[in-house]
file query.txt (compact mmCIF, C-alpha atoms)
# COMPACT_ATOMS: atom_id res chain seq x y z
CA MET A 1386 2.39 -17.25 34.22
CA THR A 1387 5.81 -17.73 32.60
CA ARG A 1388 7.61 -14.43 32.33
CA SER A 1389 8.88 -13.45 28.88
CA VAL A 1390 10.48 -10.44 27.22
CA THR A 1391 9.82 -9.36 23.62
CA VAL A 1392 12.16 -6.98 21.81
CA ARG A 1393 11.50 -5.37 18.43
CA VAL A 1394 14.51 -4.75 16.16
CA PRO A 1395 14.67 -2.86 12.84
CA ALA A 1396 16.11 -3.65 9.44
CA LYS A 1397 18.69 -1.32 7.92
CA VAL A 1398 19.58 0.12 4.57
CA ASN A 1399 23.07 1.30 3.73
CA VAL A 1400 22.60 4.72 2.16
CA GLN A 1401 26.34 4.71 1.57
CA LEU A 1402 28.61 1.68 1.64
CA ALA A 1403 32.19 2.66 0.84
CA VAL A 1404 34.45 -0.39 0.85
CA GLY A 1405 38.20 -0.16 1.37
CA GLY A 1406 40.78 -2.67 0.26
CA ARG A 1407 41.06 -6.19 1.63
CA ARG A 1408 43.01 -6.19 4.89
CA PRO A 1409 45.51 -8.92 5.84
CA ASP A 1410 42.81 -10.45 8.09
CA GLY A 1411 40.47 -10.72 5.08
CA PHE A 1412 38.08 -7.99 6.25
CA HIS A 1413 37.57 -4.61 4.59
CA ASP A 1414 37.49 -1.22 6.28
CA LEU A 1415 34.19 0.52 5.65
CA ALA A 1416 32.55 3.89 5.70
CA ASN A 1417 29.06 2.56 6.17
CA VAL A 1418 26.18 5.00 6.57
CA PHE A 1419 23.34 3.05 8.16
CA LEU A 1420 19.69 4.08 8.28
CA ALA A 1421 17.27 1.95 10.31
CA VAL A 1422 13.93 1.40 8.58
CA GLY A 1423 10.50 0.26 9.72
CA LEU A 1424 10.65 -3.43 8.88
CA TYR A 1425 11.04 -5.37 12.12
CA ASP A 1426 11.80 -8.74 13.62
CA GLU A 1427 10.61 -9.51 17.14
CA VAL A 1428 12.65 -11.69 19.48
CA THR A 1429 10.94 -13.18 22.55
CA ALA A 1430 12.99 -14.67 25.38
CA THR A 1431 11.32 -17.12 27.79
CA PRO A 1432 12.88 -19.22 30.57
CA ALA A 1433 13.71 -22.78 29.49
CA ASP A 1434 15.75 -25.81 30.56
CA ALA A 1435 18.23 -25.25 27.73
CA LEU A 1436 18.95 -22.84 24.90
CA THR A 1437 16.39 -23.47 22.17
CA LEU A 1438 15.28 -21.53 19.10
CA THR A 1439 12.11 -21.31 17.03
CA CYS A 1440 11.28 -19.03 14.12
CA THR A 1441 8.14 -18.03 12.23
CA GLY A 1442 7.43 -15.65 9.38
CA PRO A 1443 8.45 -15.26 5.72
CA ASP A 1444 11.29 -17.65 4.80
CA ALA A 1445 11.55 -18.89 8.39
CA ASP A 1446 12.61 -22.26 6.98
CA GLN A 1447 15.86 -20.61 5.84
CA VAL A 1448 16.79 -19.50 9.36
CA PRO A 1449 19.19 -21.89 11.15
CA LEU A 1450 17.93 -23.03 14.56
CA ASP A 1451 21.29 -24.24 15.88
CA ASP A 1452 24.33 -22.51 17.38
CA SER A 1453 25.17 -20.93 14.03
CA ASN A 1454 22.22 -18.57 14.58
CA LEU A 1455 23.48 -15.16 15.74
CA ALA A 1456 20.67 -14.86 18.26
CA ALA A 1457 21.76 -18.12 19.93
CA ARG A 1458 25.36 -16.92 19.94
CA ALA A 1459 24.22 -13.64 21.49
CA ALA A 1460 22.42 -15.43 24.33
CA ARG A 1461 25.49 -17.59 24.99
CA ALA A 1462 27.81 -14.56 24.95
CA LEU A 1463 25.68 -12.62 27.43
CA ALA A 1464 25.31 -15.64 29.71
CA ALA A 1465 29.09 -16.21 29.66
CA ARG A 1466 29.71 -12.54 30.49
CA HIS A 1467 27.64 -12.94 33.66
CA GLY A 1468 28.57 -16.53 34.58
CA LEU A 1469 25.08 -17.86 33.85
CA ASP A 1470 23.77 -20.89 32.00
CA PRO A 1471 21.99 -19.79 28.78
CA HIS A 1472 18.72 -21.43 29.78
CA VAL A 1473 16.36 -19.56 27.47
CA HIS A 1474 13.96 -20.21 24.62
CA LEU A 1475 14.27 -17.61 21.87
CA HIS A 1476 11.42 -17.19 19.42
CA ILE A 1477 12.12 -15.05 16.35
CA ALA A 1478 9.13 -13.62 14.50
CA LYS A 1479 10.69 -12.70 11.13
CA ASP A 1480 9.57 -9.81 8.98
CA ILE A 1481 13.02 -8.63 7.79
CA PRO A 1482 13.99 -10.40 4.54
CA VAL A 1483 16.28 -13.39 5.18
CA ALA A 1484 19.80 -13.14 3.67
CA GLY A 1485 18.66 -9.94 1.99
CA GLY A 1486 21.39 -7.45 2.90
CA MET A 1487 19.17 -5.77 5.53
CA ALA A 1488 20.90 -7.16 8.63
CA GLY A 1489 18.07 -9.46 9.73
CA GLY A 1490 20.40 -11.89 11.47
CA SER A 1491 22.26 -9.03 13.13
CA ALA A 1492 18.95 -7.54 14.26
CA ASP A 1493 18.00 -10.86 15.85
CA ALA A 1494 21.31 -10.96 17.72
CA ALA A 1495 20.78 -7.45 19.10
CA GLY A 1496 17.20 -8.37 20.01
CA ALA A 1497 18.33 -11.52 21.79
CA LEU A 1498 20.94 -9.60 23.79
CA LEU A 1499 18.43 -7.01 24.97
CA ALA A 1500 15.69 -9.58 25.65
CA CYS A 1501 17.97 -11.91 27.63
CA ASP A 1502 19.46 -9.01 29.57
CA ALA A 1503 15.96 -7.97 30.64
CA LEU A 1504 14.82 -11.56 31.30
CA TRP A 1505 17.85 -12.43 33.41
CA GLY A 1506 17.98 -9.06 35.18
CA THR A 1507 21.66 -8.70 34.39
CA ALA A 1508 21.44 -4.91 33.80
CA THR A 1509 24.41 -4.93 31.44
CA PRO A 1510 25.69 -1.39 30.76
CA HIS A 1511 24.92 -0.13 27.26
CA SER A 1512 28.63 0.12 26.44
CA GLU A 1513 29.10 -3.56 27.33
CA LEU A 1514 26.11 -4.56 25.20
CA LEU A 1515 27.64 -2.67 22.28
CA SER A 1516 30.96 -4.46 22.87
CA LEU A 1517 29.20 -7.83 22.81
CA CYS A 1518 27.38 -6.76 19.64
CA ALA A 1519 30.69 -5.93 17.94
CA GLU A 1520 32.08 -9.35 18.86
CA LEU A 1521 29.06 -11.01 17.25
CA GLY A 1522 29.16 -9.19 13.90
CA SER A 1523 29.81 -5.95 12.06
CA ASP A 1524 26.14 -4.91 11.73
CA VAL A 1525 24.96 -5.99 15.20
CA PRO A 1526 25.87 -2.76 17.07
CA PHE A 1527 23.78 -0.66 14.69
CA SER A 1528 20.79 -2.97 15.14
CA LEU A 1529 20.95 -2.16 18.84
CA VAL A 1530 21.10 1.64 18.46
CA GLY A 1531 19.03 2.28 15.29
CA GLY A 1532 18.39 5.73 13.90
CA ALA A 1533 21.24 6.69 11.58
CA ALA A 1534 24.95 6.20 12.12
CA LEU A 1535 28.30 6.12 10.40
CA GLY A 1536 30.00 2.76 10.86
CA ARG A 1537 33.80 2.64 10.67
CA GLY A 1538 36.20 -0.29 10.92
CA ARG A 1539 34.20 -3.32 9.75
CA GLY A 1540 31.09 -1.19 10.38
CA GLU A 1541 31.01 -1.84 14.12
CA LEU A 1542 32.52 1.49 15.29
CA LEU A 1543 29.49 3.77 15.32
CA GLU A 1544 29.04 7.52 15.25
CA PRO A 1545 25.38 8.64 15.49
CA LEU A 1546 24.24 10.92 12.66
CA PRO A 1547 21.56 13.62 12.74
CA VAL A 1548 18.58 13.16 10.43
CA GLY A 1549 16.34 16.11 9.65
CA GLY A 1550 13.25 14.30 8.44
CA THR A 1551 11.59 11.07 7.37
CA PHE A 1552 12.74 9.24 4.25
CA HIS A 1553 10.34 6.95 2.38
CA TRP A 1554 11.62 3.68 0.97
CA VAL A 1555 10.54 0.63 -0.97
CA PHE A 1556 12.38 -2.68 -0.62
CA ALA A 1557 12.06 -5.33 -3.31
CA VAL A 1558 12.70 -8.85 -2.03
CA ALA A 1559 14.45 -11.22 -4.44
CA ASP A 1560 14.15 -15.00 -4.61
CA GLY A 1561 16.99 -16.58 -2.65
CA GLY A 1562 19.77 -14.88 -0.73
CA LEU A 1563 23.30 -13.75 -1.47
CA SER A 1564 26.25 -14.69 0.72
CA THR A 1565 27.89 -11.55 2.10
CA PRO A 1566 31.41 -13.11 2.01
CA ALA A 1567 30.81 -14.14 -1.61
CA VAL A 1568 29.82 -10.58 -2.55
CA TYR A 1569 32.95 -9.13 -0.92
CA LYS A 1570 35.07 -11.74 -2.70
CA GLU A 1571 33.45 -10.78 -6.01
CA CYS A 1572 34.09 -7.10 -5.26
CA ASP A 1573 37.79 -7.93 -4.82
CA ARG A 1574 37.79 -9.99 -8.02
CA LEU A 1575 36.19 -7.19 -10.06
CA ARG A 1576 38.73 -4.68 -8.73
CA ASP A 1577 41.60 -7.01 -9.60
CA THR A 1578 40.16 -7.70 -13.06
CA ALA A 1579 39.88 -3.96 -13.70
CA GLY A 1580 43.54 -3.59 -12.81
CA LEU A 1581 42.78 -1.48 -9.76
CA GLY A 1582 44.05 -3.93 -7.15
CA ALA A 1583 41.96 -5.08 -4.19
CA THR A 1584 44.15 -4.69 -1.09
CA THR A 1585 44.54 -1.80 1.34
CA ALA A 1586 47.69 -0.81 -0.59
CA ASP A 1587 45.61 -0.32 -3.74
CA VAL A 1588 42.26 1.09 -2.60
CA PRO A 1589 41.91 4.50 -0.91
CA ASP A 1590 40.61 4.58 2.66
CA PRO A 1591 36.80 4.74 2.55
CA GLU A 1592 35.20 8.03 3.57
CA PRO A 1593 31.58 9.13 3.95
CA SER A 1594 30.20 11.53 1.36
CA PRO A 1595 29.81 15.06 2.78
CA ALA A 1596 26.89 15.64 0.38
CA LEU A 1597 25.14 12.52 1.69
CA LEU A 1598 25.63 13.50 5.34
CA ASP A 1599 24.29 16.99 4.54
CA ALA A 1600 21.23 15.49 2.81
CA LEU A 1601 20.47 13.30 5.85
CA ARG A 1602 20.88 16.26 8.19
CA ALA A 1603 18.55 18.38 6.05
CA GLY A 1604 15.97 15.63 5.50
CA ASP A 1605 16.29 16.30 1.77
CA ALA A 1606 15.23 13.21 -0.21
CA THR A 1607 16.20 14.66 -3.60
CA ALA A 1608 19.70 15.50 -2.40
CA LEU A 1609 20.01 12.09 -0.73
CA ALA A 1610 19.00 10.40 -3.98
CA GLY A 1611 21.91 12.05 -5.75
CA ALA A 1612 24.40 10.87 -3.14
CA LEU A 1613 23.37 7.22 -2.54
CA ALA A 1614 26.27 4.84 -3.22
CA ASN A 1615 27.12 1.17 -2.68
CA ASP A 1616 30.57 -0.14 -3.58
CA LEU A 1617 29.21 -3.70 -3.41
CA GLN A 1618 26.48 -3.10 -6.00
CA ALA A 1619 28.60 -4.11 -9.01
CA ALA A 1620 29.58 -7.34 -7.27
CA ALA A 1621 25.97 -8.14 -6.32
CA LEU A 1622 24.85 -7.50 -9.91
CA SER A 1623 27.69 -9.66 -11.21
CA LEU A 1624 26.52 -12.56 -9.06
CA ARG A 1625 22.80 -11.87 -9.64
CA PRO A 1626 22.36 -10.09 -13.01
CA ALA A 1627 18.56 -10.24 -12.74
CA LEU A 1628 18.69 -7.52 -10.07
CA ALA A 1629 19.33 -4.98 -12.84
CA ALA A 1630 15.75 -5.49 -14.08
CA THR A 1631 14.39 -4.87 -10.57
CA LEU A 1632 16.39 -1.64 -10.25
CA ALA A 1633 15.12 -0.49 -13.66
CA ALA A 1634 11.49 -1.34 -12.79
CA GLY A 1635 11.58 0.71 -9.58
CA THR A 1636 13.23 3.65 -11.31
CA HIS A 1637 10.64 3.54 -14.10
CA ALA A 1638 7.90 3.52 -11.44
CA GLY A 1639 9.09 6.86 -10.07
CA ALA A 1640 11.81 6.17 -7.51
CA LEU A 1641 14.20 9.07 -6.94
CA ALA A 1642 17.06 6.56 -6.77
CA ALA A 1643 17.61 2.81 -6.70
CA LEU A 1644 20.41 0.70 -5.27
CA VAL A 1645 21.23 -2.75 -3.99
CA SER A 1646 20.82 -2.85 -0.21
CA GLY A 1647 24.15 -3.77 1.36
CA SER A 1648 25.39 -7.05 -0.09
CA GLY A 1649 21.94 -7.73 -1.60
CA PRO A 1650 19.93 -9.22 -3.10
CA THR A 1651 17.23 -6.93 -1.67
CA THR A 1652 17.02 -3.71 -3.69
CA ALA A 1653 16.13 -0.34 -2.18
CA PHE A 1654 14.22 2.54 -3.77
CA LEU A 1655 14.04 6.05 -2.34
CA ALA A 1656 10.63 7.63 -2.89
CA PRO A 1657 9.60 11.29 -2.71
CA ASP A 1658 6.77 10.63 -0.23
CA ALA A 1659 4.68 7.87 1.38
CA GLU A 1660 2.06 7.85 -1.39
CA ALA A 1661 4.71 7.48 -4.08
CA ALA A 1662 6.34 4.68 -2.10
CA GLU A 1663 3.09 2.70 -2.14
CA ARG A 1664 2.75 3.23 -5.91
CA ILE A 1665 6.35 2.13 -6.52
CA ALA A 1666 5.86 -0.96 -4.34
CA ALA A 1667 2.71 -1.91 -6.28
CA ALA A 1668 4.50 -1.42 -9.60
CA LEU A 1669 7.41 -3.57 -8.48
CA ARG A 1670 5.07 -6.35 -7.30
CA ALA A 1671 3.39 -6.27 -10.72
CA SER A 1672 6.68 -6.14 -12.65
CA GLY A 1673 7.60 -9.80 -12.23
CA THR A 1674 11.17 -8.78 -11.33
CA CYS A 1675 10.95 -9.54 -7.60
CA ARG A 1676 9.10 -11.79 -5.19
CA THR A 1677 7.45 -8.93 -3.30
CA ALA A 1678 7.98 -5.27 -2.46
CA ARG A 1679 7.42 -3.40 0.80
CA ALA A 1680 7.03 0.31 1.48
CA THR A 1681 8.27 1.77 4.75
CA SER A 1682 10.22 4.72 6.14
CA GLY A 1683 13.21 5.65 8.24
CA PRO A 1684 14.90 6.44 10.50
CA ALA A 1685 13.45 3.86 12.89
CA PRO A 1686 14.40 3.29 16.53
CA GLY A 1687 16.88 0.56 17.48
CA ALA A 1688 16.18 -2.51 19.60
CA THR A 1689 13.20 -1.74 21.85
CA VAL A 1690 11.62 -3.79 24.66
CA LEU A 1691 7.92 -4.20 23.82
CA THR A 1692 6.80 -6.50 26.65
CA ASN A 1693 8.47 -7.46 29.90
CA GLY A 1694 6.38 -9.63 32.16
call {"tool": "encode", "arguments": {"input": "query.txt", "output": "C-alpha cells"}}
result
Amino acid sequence: MTRSVTVRVPAKVNVQLAVGGRRPDGFHDLANVFLAVGLYDEVTATPADALTLTCTGPDADQVPLDDSNLAARAARALAARHGLDPHVHLHIAKDIPVAGGMAGGSADAAGALLACDALWGTATPHSELLSLCAELGSDVPFSLVGGAALGRGRGELLEPLPVGGTFHWVFAVADGGLSTPAVYKECDRLRDTAGLGATTADVPDPEPSPALLDALRAGDATALAGALANDLQAAALSLRPALAATLAAGTHAGALAALVSGSGPTTAFLAPDAEAAERIAAALRASGTCRTARATSGPAPGATVLTNG
C-alpha cells in the first residue's frame, strides 16, 4: 500500500490587527493577535514521480494548482533544504474559506511542510520548520503552531499567548475574495486621504491592546468583545461596502462583537456561547447578506499529523 501522511491545519481569526506605517520595502509592521479556530483544511502527501497538486472542497476551483500555490512552494522549500527532489503529490481538502482573510493558503503551506517532513523522514527541527514558514509568508508560522499568539514584524515573529477558556465564533463567508495586497494599499490610501500619512514616519508603531490580552488570558468573551480591533476593516469595507450589511446582520442576531477577519472578506462574530453561535449562524444564512455562515470555536491546535502510514 502506498504510504501517505495527512495533516490537519486550522483557520485563524485576527482578534487584533494593528497595522503600522508602510515600510520602505512595502510591507507593514504588525501587532497581530492570532487565534486559531476549528475550521480546517487537510493536506495529504503521497509519493509521486513529480510535484503535483489536487484540491477538493468549497471553492476548490479558485485554488491554483501550479507553483504559485503556497503548499507547492512549501514542498519545494523543504526538499531544497534537505537536497531532495520534491517528488510528492499533495491533495488539499479545503474547508477554510478561499481568499477569505482566514489564512487558508498559509494553513496549506504549513500542512504541506509537516506532511512532507513526515513522509520523507527528514525530521526537520521545529525551529527550522518555523523559519521555512516565515520565508513562505507572514501567516504561515502561526498556522504551524496554532493556539493563540502575538505576531510581530510582518506577523511572522510569534509569541505564544495564554488563553483562559473557549471562545465561540461565527464566520460569514462572502461571495468572491479580496486581495490582501489590495486591502493594504487601500488602507494606505485612506490614511493619506485623511491627512494622517501612511509611512512608518507617520503612523505609530503597532502595539497589542493590554485589555485584549487580559481578556484572552481570562477567557472573558464580553471583555474580548470590547477590545476586538482590525486596522484593515475600513479598507475592506471601502473595497466591499456590502460587508457592512453582513456585520449589521450578525450584530442584530446577538453577536457580542463583529469585525472583518484579517483582510476580509470573511466577517467574524463573537458569540456568548455555542448555542448562541448556532443561532447567529442561522440568522446570517437567512439574512441574504452572505453566502453561508459557520459556527465554531477557538483556540484550536496548530498543524497536526492525523495519519502516517
call {"tool": "closest_residue", "arguments": {"input": "query.txt", "among": "A:Ala1633, A:Leu1529, A:Leu1655, A:Val1483", "to": "Ala1495 (chain A)", "atoms": "only C-alpha atoms"}}
result
A:Leu1529
call {"tool": "closest_residue", "arguments": {"input": "query.txt", "among": "A:Ala1430, A:Leu1575, A:Cys1518, A:Ala1619", "to": "Gly1490 (chain A)", "atoms": "all atoms listed in the file"}}
result
A:Cys1518
call {"tool": "residues_near_point", "arguments": {"input": "query.txt", "point": "(27.9, -6.1, 11.4)", "cutoff": "10 Å", "atoms": "all atoms listed in the file", "output": "list in words"}}
result
Ala1488, Gly1490, Ser1491, Ala1492, Cys1518, Ala1519, Glu1520, Leu1521, Gly1522, Ser1523, Asp1524, Val1525, Pro1526, Phe1527, Ser1528, Gly1536, Arg1539, Gly1540, Glu1541 and Leu1542 of chain A
call {"tool": "closest_residue", "arguments": {"input": "query.txt", "among": "A:Ala1557, A:Val1448, A:Leu1641, A:Val1428", "to": "Ala1484 (chain A)", "atoms": "all atoms listed in the file"}}
result
A:Val1448
call {"tool": "closest_residue", "arguments": {"input": "query.txt", "among": "A:Ala1559, A:Leu1617, A:Ala1600, A:Ala1612", "to": "Leu1669 (chain A)", "atoms": "all atoms listed in the file"}}
result
A:Ala1559
call {"tool": "residues_around", "arguments": {"input": "query.txt", "residues": "Phe1419 (chain A)", "least_positions_apart": "3", "cutoff": "10 Å", "atoms": "only C-alpha atoms", "output": "PDB file with C-alpha atoms, in the frame of the given file"}}
result
ATOM      1  CA  ALA A1396      16.110  -3.650   9.440  1.00  0.00           C
ATOM      2  CA  LYS A1397      18.690  -1.320   7.920  1.00  0.00           C
ATOM      3  CA  VAL A1398      19.580   0.120   4.570  1.00  0.00           C
ATOM      4  CA  ASN A1399      23.070   1.300   3.730  1.00  0.00           C
ATOM      5  CA  VAL A1400      22.600   4.720   2.160  1.00  0.00           C
ATOM      6  CA  GLN A1401      26.340   4.710   1.570  1.00  0.00           C
ATOM      7  CA  LEU A1402      28.610   1.680   1.640  1.00  0.00           C
ATOM      8  CA  ALA A1416      32.550   3.890   5.700  1.00  0.00           C
ATOM      9  CA  VAL A1422      13.930   1.400   8.580  1.00  0.00           C
ATOM     10  CA  ASP A1524      26.140  -4.910  11.730  1.00  0.00           C
ATOM     11  CA  PHE A1527      23.780  -0.660  14.690  1.00  0.00           C
ATOM     12  CA  SER A1528      20.790  -2.970  15.140  1.00  0.00           C
ATOM     13  CA  GLY A1531      19.030   2.280  15.290  1.00  0.00           C
ATOM     14  CA  GLY A1532      18.390   5.730  13.900  1.00  0.00           C
ATOM     15  CA  ALA A1533      21.240   6.690  11.580  1.00  0.00           C
ATOM     16  CA  ALA A1534      24.950   6.200  12.120  1.00  0.00           C
ATOM     17  CA  LEU A1535      28.300   6.120  10.400  1.00  0.00           C
ATOM     18  CA  GLY A1536      30.000   2.760  10.860  1.00  0.00           C
ATOM     19  CA  GLY A1540      31.090  -1.190  10.380  1.00  0.00           C
ATOM     20  CA  LEU A1543      29.490   3.770  15.320  1.00  0.00           C
ATOM     21  CA  PRO A1545      25.380   8.640  15.490  1.00  0.00           C
ATOM     22  CA  LEU A1546      24.240  10.920  12.660  1.00  0.00           C
ATOM     23  CA  GLY A1647      24.150  -3.770   1.360  1.00  0.00           C
ATOM     24  CA  PRO A1684      14.900   6.440  10.500  1.00  0.00           C
TER      25      PRO A1684
END
call {"tool": "closest_residue", "arguments": {"input": "query.txt", "among": "A:Ala1494, A:Leu1463, A:Leu1469, A:Ile1665", "to": "Ala1634 (chain A)", "atoms": "all atoms listed in the file"}}
result
A:Ile1665
call {"tool": "residues_around", "arguments": {"input": "query.txt", "residues": "Val1404 (chain A)", "least_positions_apart": "3", "cutoff": "8 Å", "atoms": "only C-alpha atoms", "output": "list in words"}}
result
His1413, Asp1414, Leu1415, Ala1416, Pro1591, Asp1616 and Leu1617 of chain A
call {"tool": "residues_around", "arguments": {"input": "query.txt", "residues": "Val1555 (chain A)", "least_positions_apart": "2", "cutoff": "7 Å", "atoms": "only C-alpha atoms", "output": "NGL selection string"}}
result
:A and (1557 or 1653-1655 or 1662 or 1666 or 1678-1681)
call {"tool": "axis_aligned_box", "arguments": {"input": "query.txt", "around": "region 1479-1496 of chain A", "padding_each_side": "4 Å", "output": "JSON"}}
result
{"center_x": 15.9, "center_y": -9.6, "center_z": 11.0, "size_x": 20.7, "size_y": 15.6, "size_z": 26.0}
call {"tool": "atom_distance", "arguments": {"input": "query.txt", "atom1": "CA of Arg1388 (chain A)", "atom2": "CA of Leu1504 (chain A)"}}
result
7.8 Å
call {"tool": "atom_distance", "arguments": {"input": "query.txt", "atom1": "CA of Arg1408 (chain A)", "atom2": "CA of Thr1584 (chain A)"}}
result
6.3 Å
call {"tool": "closest_residue", "arguments": {"input": "query.txt", "among": "A:Leu1644, A:Val1548, A:Met1487, A:Ala1457", "to": "Asp1599 (chain A)", "atoms": "all atoms listed in the file"}}
result
A:Val1548
call {"tool": "atom_distance", "arguments": {"input": "query.txt", "atom1": "CA of His1476 (chain A)", "atom2": "CA of Trp1505 (chain A)"}}
result
16.1 Å
call {"tool": "residues_around", "arguments": {"input": "query.txt", "residues": "Leu1622 (chain A)", "least_positions_apart": "4", "cutoff": "12 Å", "atoms": "all atoms listed in the file", "output": "ChimeraX atom specification"}}
result
/A:1563,1568,1571-1572,1575,1615-1618,1626-1632,1644-1652
